[in-house]
file my_file17.cif (mmCIF, C-alpha atoms and all ligand atoms)
data_run
loop_
_atom_site.label_atom_id
_atom_site.label_comp_id
_atom_site.auth_asym_id
_atom_site.auth_seq_id
_atom_site.Cartn_x
_atom_site.Cartn_y
_atom_site.Cartn_z
CA MET A 257 215.64 154.27 -28.55
CA ASN A 258 215.54 156.28 -31.75
CA SER A 259 213.14 154.42 -34.01
CA MET A 260 214.41 156.29 -37.05
CA GLN A 261 218.11 155.47 -36.79
CA LEU A 262 217.75 152.82 -39.48
CA LEU A 263 216.34 155.50 -41.75
CA GLU A 264 219.11 158.04 -41.26
CA PRO A 265 221.59 158.65 -44.10
CA LEU A 266 224.98 156.93 -44.18
CA GLN A 267 228.15 158.00 -45.94
CA LEU A 268 229.70 155.11 -47.87
CA GLY A 269 232.84 156.44 -49.52
CA PRO A 270 231.60 158.96 -52.09
CA LEU A 271 227.98 157.76 -51.83
CA THR A 272 225.47 159.23 -49.43
CA LEU A 273 222.98 156.45 -48.78
CA ALA A 274 219.47 157.67 -48.04
CA ASN A 275 219.10 155.19 -45.17
CA ARG A 276 220.84 152.31 -43.41
CA CYS A 277 218.49 149.65 -44.65
CA VAL A 278 220.44 147.62 -47.22
CA MET A 279 218.87 145.12 -49.60
CA ALA A 280 220.77 141.82 -49.39
CA PRO A 281 222.08 140.03 -52.46
CA LEU A 282 219.34 137.56 -53.37
CA THR A 283 219.73 134.94 -56.09
CA ARG A 284 216.40 134.70 -57.94
CA CYS A 285 217.42 132.70 -61.06
CA ARG A 286 215.41 134.76 -63.52
CA SER A 287 217.90 135.94 -66.12
CA LYS A 288 217.10 135.74 -69.83
CA GLN A 289 218.16 132.56 -71.63
CA PRO A 290 220.37 131.64 -73.34
CA GLY A 291 223.32 133.60 -72.04
CA ASN A 292 222.30 134.34 -68.41
CA ILE A 293 221.47 137.93 -69.35
CA PRO A 294 219.63 140.43 -67.11
CA TRP A 295 216.56 141.93 -68.80
CA GLN A 296 213.56 144.19 -68.34
CA LEU A 297 211.87 141.98 -65.72
CA ASN A 298 214.98 142.15 -63.53
CA ALA A 299 215.19 145.92 -64.04
CA GLN A 300 211.60 146.29 -62.86
CA TYR A 301 212.26 144.13 -59.78
CA TYR A 302 215.29 146.16 -58.71
CA ALA A 303 213.63 149.52 -59.46
CA GLN A 304 210.74 148.52 -57.18
CA ARG A 305 213.29 148.12 -54.37
CA SER A 306 215.24 151.34 -55.01
CA GLY A 307 214.09 152.81 -51.66
CA ALA A 308 216.82 150.70 -50.01
CA GLY A 309 219.80 152.81 -48.90
CA LEU A 310 221.86 150.44 -51.01
CA ILE A 311 220.82 147.50 -53.17
CA VAL A 312 223.35 144.71 -53.50
CA SER A 313 222.58 142.76 -56.66
CA GLU A 314 221.98 139.04 -56.63
CA ALA A 315 225.25 137.14 -56.96
CA THR A 316 226.65 137.37 -60.49
CA GLN A 317 229.11 134.76 -61.70
CA VAL A 318 232.39 136.29 -62.89
CA CYS A 319 232.95 133.57 -65.51
CA ALA A 320 231.24 130.43 -66.81
CA GLN A 321 233.26 128.27 -64.43
CA GLY A 322 232.01 130.36 -61.52
CA GLN A 323 228.40 129.24 -62.02
CA GLY A 324 226.64 126.63 -59.89
CA TYR A 325 222.96 127.39 -60.39
CA LEU A 326 220.91 127.57 -63.57
CA TRP A 327 219.73 130.97 -64.82
CA THR A 328 221.84 133.12 -62.51
CA PRO A 329 223.06 136.24 -64.34
CA GLY A 330 226.68 136.62 -65.38
CA MET A 331 229.00 139.64 -65.34
CA TYR A 332 231.45 138.77 -68.08
CA THR A 333 229.92 139.08 -71.58
CA PRO A 334 228.97 142.24 -73.55
CA ASP A 335 225.31 141.13 -73.59
CA GLN A 336 225.29 140.71 -69.82
CA MET A 337 226.82 144.18 -69.50
CA GLU A 338 224.04 145.65 -71.65
CA GLY A 339 221.45 143.80 -69.59
CA TRP A 340 222.84 145.11 -66.33
CA ARG A 341 222.75 148.61 -67.82
CA LEU A 342 218.93 148.28 -67.93
CA VAL A 343 218.98 147.45 -64.22
CA THR A 344 221.32 150.24 -63.10
CA ASP A 345 219.50 152.83 -65.23
CA ALA A 346 216.13 151.79 -63.76
CA VAL A 347 217.46 151.96 -60.17
CA HIS A 348 219.19 155.31 -60.72
CA ALA A 349 216.09 156.78 -62.35
CA LYS A 350 214.33 156.20 -59.03
CA GLY A 351 217.18 157.65 -56.96
CA GLY A 352 218.55 154.30 -55.79
CA ARG A 353 222.11 152.99 -55.42
CA ILE A 354 223.28 149.56 -56.46
CA HIS A 355 226.44 147.49 -56.00
CA ALA A 356 227.08 144.30 -58.00
CA GLN A 357 227.93 141.16 -56.06
CA LEU A 358 230.81 139.29 -57.75
CA TRP A 359 230.61 135.52 -57.37
CA HIS A 360 232.54 132.36 -58.05
CA VAL A 361 230.91 129.24 -56.62
CA GLY A 362 234.05 127.08 -56.66
CA ARG A 363 233.02 123.56 -55.64
CA ILE A 364 229.29 124.35 -55.22
CA SER A 365 228.56 123.34 -58.78
CA HIS A 366 227.76 120.47 -61.09
CA ARG A 367 229.23 119.37 -64.40
CA SER A 368 225.93 120.10 -66.17
CA VAL A 369 226.42 123.84 -65.62
CA GLN A 370 230.19 123.85 -66.17
CA PRO A 371 231.90 124.63 -69.50
CA ASP A 372 232.39 121.39 -71.50
CA SER A 373 230.93 119.42 -68.56
CA GLN A 374 234.26 119.70 -66.75
CA ALA A 375 234.62 119.28 -62.98
CA PRO A 376 234.14 122.46 -60.94
CA VAL A 377 237.26 123.97 -59.38
CA SER A 378 238.18 124.68 -55.77
CA CYS A 379 241.16 125.16 -53.47
CA GLY A 380 241.21 121.39 -53.01
CA ASN A 381 239.37 118.30 -54.14
CA SER A 382 237.00 117.88 -51.21
CA GLN A 383 233.43 117.37 -52.43
CA SER A 384 230.52 119.22 -50.82
CA ASP A 385 227.53 117.23 -49.51
CA SER A 386 225.45 120.22 -50.46
CA THR A 387 223.23 120.61 -53.50
CA CYS A 388 223.23 123.13 -56.31
CA PHE A 389 220.63 123.86 -59.00
CA ALA A 390 221.51 122.23 -62.31
CA ILE A 391 220.35 119.51 -64.70
CA ASP A 392 219.41 116.25 -63.00
CA GLU A 393 219.86 112.68 -64.24
CA LYS A 394 216.59 112.83 -66.15
CA GLY A 395 217.68 115.97 -67.96
CA HIS A 396 215.41 118.28 -65.96
CA PRO A 397 216.35 121.41 -63.99
CA GLY A 398 216.49 120.59 -60.29
CA ARG A 399 218.49 120.21 -57.11
CA VAL A 400 221.51 117.95 -57.64
CA HIS A 401 224.45 116.97 -55.50
CA CYS A 402 227.56 119.02 -56.08
CA ASP A 403 230.21 117.27 -58.16
CA GLN A 404 233.69 116.45 -56.94
CA PRO A 405 235.88 119.51 -57.66
CA ARG A 406 239.36 119.62 -59.14
CA ALA A 407 242.01 121.47 -57.11
CA LEU A 408 243.28 124.54 -58.95
CA ALA A 409 246.99 124.39 -59.78
CA SER A 410 249.06 127.19 -58.20
CA ASP A 411 249.71 128.84 -61.54
CA GLU A 412 246.02 128.77 -62.51
CA ILE A 413 244.90 130.87 -59.54
CA PRO A 414 246.01 134.30 -60.87
CA GLY A 415 243.77 133.58 -63.87
CA VAL A 416 240.76 133.17 -61.57
CA VAL A 417 241.66 136.43 -59.82
CA ALA A 418 241.79 138.04 -63.27
CA GLN A 419 238.24 136.83 -63.94
CA PHE A 420 237.03 138.78 -60.90
CA VAL A 421 238.90 141.83 -62.17
CA HIS A 422 237.32 141.47 -65.61
CA ALA A 423 233.86 141.23 -64.02
CA ALA A 424 234.61 144.35 -61.95
CA ARG A 425 235.33 146.19 -65.22
CA VAL A 426 232.11 144.90 -66.79
CA ALA A 427 230.18 146.09 -63.71
CA LYS A 428 231.74 149.52 -64.09
CA GLN A 429 230.75 149.72 -67.75
CA ALA A 430 227.25 148.62 -66.77
CA GLY A 431 226.85 151.66 -64.51
CA PHE A 432 226.90 150.14 -61.01
CA ASP A 433 227.84 152.39 -58.08
CA GLY A 434 230.40 149.89 -56.81
CA VAL A 435 230.94 146.19 -56.24
CA GLN A 436 230.79 143.68 -53.43
CA VAL A 437 233.12 140.69 -53.47
CA HIS A 438 231.18 137.59 -52.39
CA GLY A 439 233.49 136.09 -49.81
CA ALA A 440 230.72 134.33 -47.85
CA ASN A 441 228.49 131.27 -47.71
CA GLY A 442 230.92 128.55 -48.71
CA TYR A 443 231.77 129.78 -52.21
CA LEU A 444 235.28 129.98 -53.67
CA PRO A 445 236.91 132.76 -51.58
CA ASP A 446 235.35 131.24 -48.44
CA GLN A 447 236.67 127.80 -49.49
CA PHE A 448 240.19 129.28 -49.60
CA LEU A 449 239.69 130.87 -46.14
CA SER A 450 238.73 127.55 -44.55
CA SER A 451 241.35 125.53 -42.66
CA VAL A 452 239.10 122.49 -43.19
CA LEU A 453 238.95 122.72 -46.99
CA ASN A 454 242.14 124.55 -47.79
CA THR A 455 244.90 122.03 -47.15
CA ARG A 456 247.21 123.49 -49.80
CA THR A 457 250.93 123.51 -49.20
CA ASP A 458 251.75 126.30 -51.68
CA ALA A 459 251.48 130.09 -51.16
CA TRP A 460 247.63 129.88 -51.20
CA GLY A 461 247.28 127.77 -48.05
CA GLY A 462 248.95 126.55 -44.87
CA SER A 463 248.55 129.60 -42.60
CA VAL A 464 245.95 132.26 -41.83
CA VAL A 465 247.89 134.72 -44.00
CA ASN A 466 248.19 132.29 -46.92
CA ARG A 467 244.55 131.26 -46.71
CA SER A 468 243.53 134.91 -47.02
CA LYS A 469 245.72 135.40 -50.11
CA PHE A 470 243.08 134.46 -52.69
CA LEU A 471 240.43 136.77 -51.23
CA MET A 472 242.93 139.59 -50.82
CA GLU A 473 244.31 139.26 -54.35
CA VAL A 474 240.73 139.47 -55.62
CA VAL A 475 240.01 142.49 -53.41
CA ARG A 476 243.20 144.28 -54.49
CA GLY A 477 242.47 143.53 -58.16
CA VAL A 478 238.91 144.83 -57.91
CA ILE A 479 240.13 147.94 -56.03
CA GLY A 480 242.45 148.54 -58.98
CA VAL A 481 239.35 148.92 -61.15
CA TRP A 482 237.03 150.80 -58.81
CA GLY A 483 239.09 152.44 -56.08
CA ALA A 484 238.77 151.18 -52.50
CA ASP A 485 235.93 153.56 -51.64
CA ARG A 486 233.57 151.66 -53.94
CA VAL A 487 234.53 148.11 -52.96
CA GLY A 488 232.87 146.12 -50.19
CA VAL A 489 233.18 142.48 -49.14
CA ARG A 490 230.66 140.01 -47.76
CA LEU A 491 231.82 137.34 -45.30
CA SER A 492 230.20 134.71 -43.10
CA PRO A 493 232.55 134.06 -40.18
CA MET A 494 231.83 130.74 -38.48
CA GLY A 495 229.24 129.95 -41.12
CA GLY A 496 228.62 126.32 -41.99
CA PHE A 497 226.32 126.89 -44.98
CA ASN A 498 227.24 124.74 -48.02
CA THR A 499 228.74 122.07 -45.76
CA MET A 500 231.79 124.04 -44.70
CA GLY A 501 232.28 122.01 -41.54
CA HIS A 502 233.54 123.55 -38.31
CA ASP A 503 236.65 125.65 -38.82
CA THR A 504 238.37 125.92 -35.44
CA GLN A 505 240.47 128.78 -36.79
CA TRP A 506 237.57 130.94 -38.05
CA ARG A 507 238.16 133.71 -35.52
CA GLU A 508 241.85 134.33 -36.10
CA GLN A 509 241.30 133.86 -39.84
CA HIS A 510 238.69 136.58 -40.03
CA LEU A 511 240.53 138.96 -37.71
CA GLU A 512 243.58 138.62 -39.99
CA VAL A 513 241.39 139.49 -42.97
CA ALA A 514 239.96 142.48 -41.04
CA ARG A 515 243.50 143.82 -40.57
CA GLN A 516 244.17 143.50 -44.28
CA PHE A 517 240.88 145.20 -45.21
CA GLN A 518 241.89 148.14 -43.01
CA ARG A 519 245.23 148.33 -44.82
CA GLU A 520 243.58 148.27 -48.25
CA GLY A 521 240.85 150.76 -47.31
CA VAL A 522 237.89 148.52 -48.23
CA VAL A 523 234.83 150.75 -47.80
CA TYR A 524 232.53 148.27 -46.05
CA VAL A 525 232.33 144.72 -44.78
CA ASP A 526 229.05 142.85 -44.50
CA LEU A 527 229.24 140.16 -41.82
CA ILE A 528 226.54 137.50 -42.07
CA ASN A 529 225.67 135.77 -38.86
CA GLN A 530 224.21 132.51 -40.08
CA GLY A 531 223.45 131.66 -36.47
CA TRP A 532 220.84 134.40 -36.17
CA SER A 533 218.97 133.32 -39.30
CA GLN A 534 219.40 129.55 -39.10
CA GLY A 535 218.95 128.98 -35.40
CA VAL A 536 222.47 127.57 -34.95
CA GLU A 537 225.45 128.88 -33.05
CA GLY A 538 226.83 132.08 -34.54
CA PHE A 539 229.57 134.59 -33.75
CA ASP A 540 229.07 136.73 -30.65
CA GLU A 541 229.11 140.46 -30.09
CA GLY A 542 232.66 140.28 -28.76
CA PHE A 543 233.82 139.11 -32.17
CA ILE A 544 232.16 142.08 -33.86
CA ARG A 545 233.73 144.49 -31.39
CA ASP A 546 237.18 142.95 -31.92
CA TYR A 547 236.59 143.13 -35.65
CA ARG A 548 235.74 146.81 -35.45
CA THR A 549 238.92 147.67 -33.55
CA LEU A 550 240.95 146.18 -36.43
CA TYR A 551 238.77 147.25 -39.34
CA ARG A 552 237.49 150.80 -38.92
CA GLY A 553 235.42 151.12 -42.10
CA VAL A 554 231.68 150.75 -42.40
CA VAL A 555 230.20 147.50 -41.04
CA PHE A 556 226.92 145.97 -42.19
CA LEU A 557 225.37 143.05 -40.33
CA SER A 558 223.15 140.44 -42.02
CA GLY A 559 221.00 137.51 -41.08
CA GLY A 560 217.56 137.20 -39.54
CA PHE A 561 216.98 140.87 -38.79
CA THR A 562 213.72 142.41 -37.66
CA LEU A 563 213.20 146.14 -37.27
CA GLU A 564 213.56 145.81 -33.53
CA LEU A 565 216.82 143.88 -33.70
CA ALA A 566 218.17 146.28 -36.32
CA GLN A 567 217.50 149.23 -34.05
CA GLN A 568 219.21 147.50 -31.14
CA ARG A 569 222.33 146.69 -33.16
CA LEU A 570 222.55 150.22 -34.55
CA ALA A 571 221.94 151.82 -31.16
CA SER A 572 224.69 149.73 -29.56
CA ARG A 573 227.02 150.70 -32.44
CA LEU A 574 227.69 147.11 -33.43
CA CYS A 575 227.07 148.13 -37.03
CA ASP A 576 226.44 151.13 -39.26
CA ALA A 577 223.77 149.56 -41.47
CA VAL A 578 221.57 146.48 -41.45
CA VAL A 579 221.01 144.12 -44.36
CA PHE A 580 217.59 142.59 -45.00
CA GLY A 581 217.15 139.65 -47.37
CA ARG A 582 213.84 137.80 -47.31
CA PRO A 583 211.89 140.85 -46.07
CA PHE A 584 212.87 142.70 -49.27
CA ILE A 585 211.53 139.89 -51.46
CA ALA A 586 207.95 140.38 -50.29
CA ASN A 587 208.14 144.05 -49.28
CA PRO A 588 209.61 146.10 -52.13
CA ASP A 589 209.07 149.30 -50.12
CA LEU A 590 210.58 147.90 -46.91
CA PRO A 591 212.14 151.17 -45.56
CA GLU A 592 208.86 153.00 -46.15
CA ARG A 593 206.95 150.29 -44.31
CA PHE A 594 209.35 150.62 -41.39
CA ARG A 595 208.88 154.40 -41.44
CA ARG A 596 205.10 154.14 -41.43
CA GLY A 597 204.82 151.12 -39.16
CA ILE A 598 203.07 149.06 -41.82
CA PRO A 599 203.02 145.28 -41.17
CA LEU A 600 205.25 143.20 -43.40
CA THR A 601 204.10 140.73 -46.02
CA THR A 602 205.56 137.21 -45.84
CA GLY A 603 207.15 135.85 -49.02
CA ASN A 604 206.53 132.52 -50.68
CA PRO A 605 209.72 130.41 -50.69
CA SER A 606 208.49 128.27 -53.59
CA THR A 607 208.97 131.26 -55.92
CA TYR A 608 212.32 132.39 -54.52
CA HIS A 609 214.35 130.64 -57.21
CA GLY A 610 213.35 130.56 -60.87
CA GLY A 611 210.05 131.27 -62.59
CA ASP A 612 208.44 134.41 -63.91
CA GLU A 613 207.01 137.60 -62.49
CA ARG A 614 204.94 135.67 -59.95
CA GLY A 615 206.54 135.96 -56.54
CA TYR A 616 209.05 138.38 -58.07
CA THR A 617 207.62 141.70 -59.28
CA ASP A 618 204.03 141.19 -58.14
CA TYR A 619 204.52 142.01 -54.45
CA ALA A 620 202.81 145.36 -54.13
CA ALA A 621 204.07 148.40 -52.28
CA ALA A 622 201.81 149.43 -49.40
CA THR A 623 199.47 152.25 -50.31
C1 LIG A 701 216.31 133.35 -52.04
C2 LIG A 701 217.63 133.69 -51.44
C3 LIG A 701 218.71 133.97 -52.27
C4 LIG A 701 219.95 134.34 -51.73
N1 LIG A 701 220.97 134.67 -52.57
C5 LIG A 701 222.13 135.17 -52.07
C6 LIG A 701 223.15 135.66 -52.94
O1 LIG A 701 223.02 135.68 -54.18
N2 LIG A 701 224.28 136.14 -52.37
C7 LIG A 701 224.46 136.17 -51.01
O2 LIG A 701 225.51 136.63 -50.54
N3 LIG A 701 223.51 135.72 -50.16
C8 LIG A 701 222.35 135.25 -50.66
N4 LIG A 701 221.35 134.86 -49.80
C9 LIG A 701 221.49 135.12 -48.36
C10 LIG A 701 220.83 136.48 -48.04
O3 LIG A 701 221.54 137.54 -48.66
C11 LIG A 701 220.77 136.75 -46.53
O4 LIG A 701 222.07 136.81 -46.00
C12 LIG A 701 219.95 135.70 -45.80
O5 LIG A 701 218.69 135.52 -46.45
C13 LIG A 701 219.70 136.06 -44.35
O6 LIG A 701 219.08 137.33 -44.26
P1 LIG A 701 217.48 137.45 -44.00
O7 LIG A 701 217.23 136.72 -42.71
O8 LIG A 701 217.27 138.95 -43.86
O9 LIG A 701 216.78 136.86 -45.15
C14 LIG A 701 220.11 134.43 -50.32
C15 LIG A 701 219.02 134.12 -49.49
C16 LIG A 701 217.80 133.78 -50.03
C17 LIG A 701 216.65 133.52 -49.11
#

call {"tool": "encode", "arguments": {"input": "my_file17.cif", "output": "structure tokens"}}
result
Amino acid sequence: MNSMQLLEPLQLGPLTLANRCVMAPLTRCRSKQPGNIPWQLNAQYYAQRSGAGLIVSEATQVCAQGQGYLWTPGMYTPDQMEGWRLVTDAVHAKGGRIHAQLWHVGRISHRSVQPDSQAPVSCGNSQSDSTCFAIDEKGHPGRVHCDQPRALASDEIPGVVAQFVHAARVAKQAGFDGVQVHGANGYLPDQFLSSVLNTRTDAWGGSVVNRSKFLMEVVRGVIGVWGADRVGVRLSPMGGFNTMGHDTQWREQHLEVARQFQREGVVYVDLINQGWSQGVEGFDEGFIRDYRTLYRGVVFLSGGFTLELAQQRLASRLCDAVVFGRPFIANPDLPERFRRGIPLTTGNPSTYHGGDERGYTDYAAAT
């Protein structure tokens, strides 16, 4: 087995990535307040990790209604754009590449982080049993149960698509190398894809094609801003995270979406296998192979990877690049550690979300 395959370059549309070790989008809840604005601390954090073949930014809400966690950075105001410019400049100065992840939480939210304390929105009105990070009953920041969402009216949905398109423009002005649509982990596009949650009877639900309409309208809109060769999508087929329940139609749903991605020329798809990282049942290799016959662009795989597993998946051509999340938190120079066989540092989950530079920019590179 070629131990360096993970460290070989990869062509991603117009970008030549230095290696196939991608930094996962990781929400760290450390934007400047008020205004959810990226700042110097965030720029330093990303620059430290610029040895990744590609960095995907933490999820960035495309509008105020798309937020479900305190202190996550936005991608819709001029100040946020200026803040992101600090990040992209710092990454580029060190030779790195960075895509922005565009996010709308849908029902995974709470009135305390919604504009005018309104109910969050979703494809339907089914409430999640999951928690988000907002203001609790005592007025303190903390984990709270998601509020009951309001189903979007049919004629409101193009406006939500337009918010993704606006955010894609802001990301372009901010100097990103491309964008990733967050279609995974039980957030709004994933809610629309689900036959459990999406019980709509209009054009946005009722069949595999209709359930993919919201995601595909977003993808087409974002491609209109960036061109398809700079647009990727993240998905979590069969994933139950954020209390999605068991969707018996997940396979045909995702294979339909794969066909449409091929048609639109989406440059990469990142498939998260929540099974591998959460010790539950996940999609099998046969699904990935079927996916790749329909969608012939670049495929990333995510979830619970070690170097050894990454090498296996690359060698068996299941994917073209491997995404690492938690390992990048505690090992800013992860690809270099892989190259030199340096043992990995383990991160501290208590500093994953929120706080200051501790557990954020103070993980040292190996010397
Ligand atoms: C602290 C933390 C924050 C995360 N934030 C995001 C996010 O903003 N967007 C996203 O798509 N996934 C997010 N994830 C999921 C990771 O991107 C990744 O898929 C997951 O951690 C599994 O990969 P790993 O086993 O390499 O960590 C997050 C995970 C963690 C641990």

call {"tool": "closest_residue", "arguments": {"input": "my_file17.cif", "among": "A:Ile544, A:Leu342, A:Cys319, A:Val489", "to": "ligand LIG 701 (chain A)", "atoms": "all atoms listed in the file"}}
result
A:Val489

call {"tool": "residues_near_ligand", "arguments": {"input": "my_file17.cif", "ligand": "ligand LIG 701 (chain A)", "cutoff": "8 Å", "atoms": "only C-alpha atoms and all ligand atoms", "output": "ChimeraX atom specification"}}
result
/A:280-284,313-316,357,438,440-441,490,528,530,532-533,558-562,579-584,605,608-609

call {"tool": "write_last_selection", "arguments": {"input": "my_file17.cif", "atoms": "C-alpha atoms", "output": "CSV table (one decimal), in the coordinates of the input"}}
result
chain,number,residue,atom,x,y,z
A,280,ALA,CA,220.8,141.8,-49.4
A,281,PRO,CA,222.1,140.0,-52.5
A,282,LEU,CA,219.3,137.6,-53.4
A,283,THR,CA,219.7,134.9,-56.1
A,284,ARG,CA,216.4,134.7,-57.9
A,313,SER,CA,222.6,142.8,-56.7
A,314,GLU,CA,222.0,139.0,-56.6
A,315,ALA,CA,225.2,137.1,-57.0
A,316,THR,CA,226.6,137.4,-60.5
A,357,GLN,CA,227.9,141.2,-56.1
A,438,HIS,CA,231.2,137.6,-52.4
A,440,ALA,CA,230.7,134.3,-47.8
A,441,ASN,CA,228.5,131.3,-47.7
A,490,ARG,CA,230.7,140.0,-47.8
A,528,ILE,CA,226.5,137.5,-42.1
A,530,GLN,CA,224.2,132.5,-40.1
A,532,TRP,CA,220.8,134.4,-36.2
A,533,SER,CA,219.0,133.3,-39.3
A,558,SER,CA,223.2,140.4,-42.0
A,559,GLY,CA,221.0,137.5,-41.1
A,560,GLY,CA,217.6,137.2,-39.5
A,561,PHE,CA,217.0,140.9,-38.8
A,562,THR,CA,213.7,142.4,-37.7
A,579,VAL,CA,221.0,144.1,-44.4
A,580,PHE,CA,217.6,142.6,-45.0
A,581,GLY,CA,217.2,139.6,-47.4
A,582,ARG,CA,213.8,137.8,-47.3
A,583,PRO,CA,211.9,140.8,-46.1
A,584,PHE,CA,212.9,142.7,-49.3
A,605,PRO,CA,209.7,130.4,-50.7
A,608,TYR,CA,212.3,132.4,-54.5
A,609,HIS,CA,214.4,130.6,-57.2

call {"tool": "atom_distance", "arguments": {"input": "my_file17.cif", "atom1": "atom CA of Arg596 of chain A", "atom2": "atom CA of Asn529 of chain A"}}
result
27.7 Å

call {"tool": "atom_distance", "arguments": {"input": "my_file17.cif", "atom1": "atom CA of Ala514 of chain A", "atom2": "atom CA of Gly488 of chain A"}}
result
12.1 Å

call {"tool": "closest_residue", "arguments": {"input": "my_file17.cif", "among": "A:Gly483, A:Gly495, A:Gly553, A:Gly324", "to": "Arg399 of chain A", "atoms": "only C-alpha atoms"}}
result
A:Gly324

call {"tool": "closest_residue", "arguments": {"input": "my_file17.cif", "among": "A:Gly462, A:Gly309, A:Gly480, A:Gly496", "to": "Gln509 of chain A", "atoms": "only C-alpha atoms"}}
result
A:Gly462

call {"tool": "closest_residue", "arguments": {"input": "my_file17.cif", "among": "A:Asn466, A:Ser572, A:Ser492, A:Gln304", "to": "Ala620 of chain A", "atoms": "all atoms listed in the file"}}
result
A:Gln304

call {"tool": "axis_aligned_box", "arguments": {"input": "my_file17.cif", "around": "segment 261-271 of chain A", "padding_each_side": "4 Å", "output": "AutoDock Vina command-line options"}}
result
--center_x 224.6 --center_y 155.9 --center_z -44.4 --size_x 24.5 --size_y 14.1 --size_z 23.3

call {"tool": "closest_residue", "arguments": {"input": "my_file17.cif", "among": "A:Gln447, A:Gln567, A:Thr328, A:Ser373", "to": "Pro290 of chain A", "atoms": "all atoms listed in the file"}}
result
A:Thr328

call {"tool": "residues_around", "arguments": {"input": "my_file17.cif", "residues": "Arg276 of chain A", "least_positions_apart": "4", "cutoff": "7 Å", "atoms": "all atoms listed in the file", "output": "PyMOL selection string"}}
result
chain A and resi 262-266+309+577-578

call {"tool": "write_last_selection", "arguments": {"input": "my_file17.cif", "atoms": "C-alpha atoms", "output": "compact mmCIF listing (two decimals), in the coordinates of the input"}}
result
# COMPACT_ATOMS: atom_id res chain seq x y z
CA LEU A 262 217.75 152.82 -39.48
CA LEU A 263 216.34 155.50 -41.75
CA GLU A 264 219.11 158.04 -41.26
CA PRO A 265 221.59 158.65 -44.10
CA LEU A 266 224.98 156.93 -44.18
CA GLY A 309 219.80 152.81 -48.90
CA ALA A 577 223.77 149.56 -41.47
CA VAL A 578 221.57 146.48 -41.45

call {"tool": "residues_near_point", "arguments": {"input": "my_file17.cif", "point": "(230.4, 149.1, -62.6)", "cutoff": "12 Å", "atoms": "all atoms listed in the file", "output": "ChimeraX atom specification"}}
result
/A:313,331-332,337-338,340-341,343-345,353-358,421-436,478-479,481-483,486-487

call {"tool": "closest_residue", "arguments": {"input": "my_file17.cif", "among": "A:Gly501, A:Gly615, A:Gly521, A:Gly307", "to": "Ala484 of chain A", "atoms": "all atoms listed in the file"}}
result
A:Gly521

call {"tool": "atom_distance", "arguments": {"input": "my_file17.cif", "atom1": "atom CA of Leu310 of chain A", "atom2": "atom CA of Asp335 of chain A"}}
result
24.7 Å

call {"tool": "residues_around", "arguments": {"input": "my_file17.cif", "residues": "Thr601 of chain A", "least_positions_apart": "4", "cutoff": "9 Å", "atoms": "only C-alpha atoms", "output": "count of residues only"}}
result
4

call {"tool": "residues_around", "arguments": {"input": "my_file17.cif", "residues": "Val361 of chain A", "least_positions_apart": "2", "cutoff": "7 Å", "atoms": "only C-alpha atoms", "output": "ChimeraX atom specification"}}
result
/A:322-324,359,363-365,443-444

call {"tool": "build_atoms", "arguments": {"input": "my_file17.cif", "residues": "segment 419-429 of chain A", "atoms": "N, CA and C atoms", "output": "PDB file, keeping the file's coordinate frame"}}
result
ATOM      1  N   GLN A 419     239.653 136.887 -63.546  1.00  0.00           N
ATOM      2  CA  GLN A 419     238.240 136.830 -63.940  1.00  0.00           C
ATOM      3  C   GLN A 419     237.389 137.752 -63.055  1.00  0.00           C
ATOM      4  N   PHE A 420     237.721 137.820 -61.775  1.00  0.00           N
ATOM      5  CA  PHE A 420     237.030 138.780 -60.900  1.00  0.00           C
ATOM      6  C   PHE A 420     237.298 140.216 -61.363  1.00  0.00           C
ATOM      7  N   VAL A 421     238.533 140.470 -61.757  1.00  0.00           N
ATOM      8  CA  VAL A 421     238.900 141.830 -62.170  1.00  0.00           C
ATOM      9  C   VAL A 421     238.158 142.192 -63.461  1.00  0.00           C
ATOM     10  N   HIS A 422     238.069 141.227 -64.374  1.00  0.00           N
ATOM     11  CA  HIS A 422     237.320 141.470 -65.610  1.00  0.00           C
ATOM     12  C   HIS A 422     235.857 141.784 -65.281  1.00  0.00           C
ATOM     13  N   ALA A 423     235.266 141.001 -64.395  1.00  0.00           N
ATOM     14  CA  ALA A 423     233.860 141.230 -64.020  1.00  0.00           C
ATOM     15  C   ALA A 423     233.699 142.602 -63.369  1.00  0.00           C
ATOM     16  N   ALA A 424     234.683 143.009 -62.586  1.00  0.00           N
ATOM     17  CA  ALA A 424     234.610 144.350 -61.950  1.00  0.00           C
ATOM     18  C   ALA A 424     234.577 145.421 -63.034  1.00  0.00           C
ATOM     19  N   ARG A 425     235.333 145.219 -64.106  1.00  0.00           N
ATOM     20  CA  ARG A 425     235.330 146.190 -65.220  1.00  0.00           C
ATOM     21  C   ARG A 425     233.972 146.191 -65.922  1.00  0.00           C
ATOM     22  N   VAL A 426     233.422 145.001 -66.134  1.00  0.00           N
ATOM     23  CA  VAL A 426     232.110 144.900 -66.790  1.00  0.00           C
ATOM     24  C   VAL A 426     231.067 145.628 -65.933  1.00  0.00           C
ATOM     25  N   ALA A 427     231.138 145.434 -64.620  1.00  0.00           N
ATOM     26  CA  ALA A 427     230.180 146.090 -63.710  1.00  0.00           C
ATOM     27  C   ALA A 427     230.314 147.604 -63.802  1.00  0.00           C
ATOM     28  N   LYS A 428     231.540 148.065 -63.992  1.00  0.00           N
ATOM     29  CA  LYS A 428     231.740 149.520 -64.090  1.00  0.00           C
ATOM     30  C   LYS A 428     231.115 150.043 -65.381  1.00  0.00           C
ATOM     31  N   GLN A 429     231.358 149.311 -66.467  1.00  0.00           N
ATOM     32  CA  GLN A 429     230.750 149.720 -67.750  1.00  0.00           C
ATOM     33  C   GLN A 429     229.232 149.690 -67.666  1.00  0.00           C
TER      34      GLN A 429
END
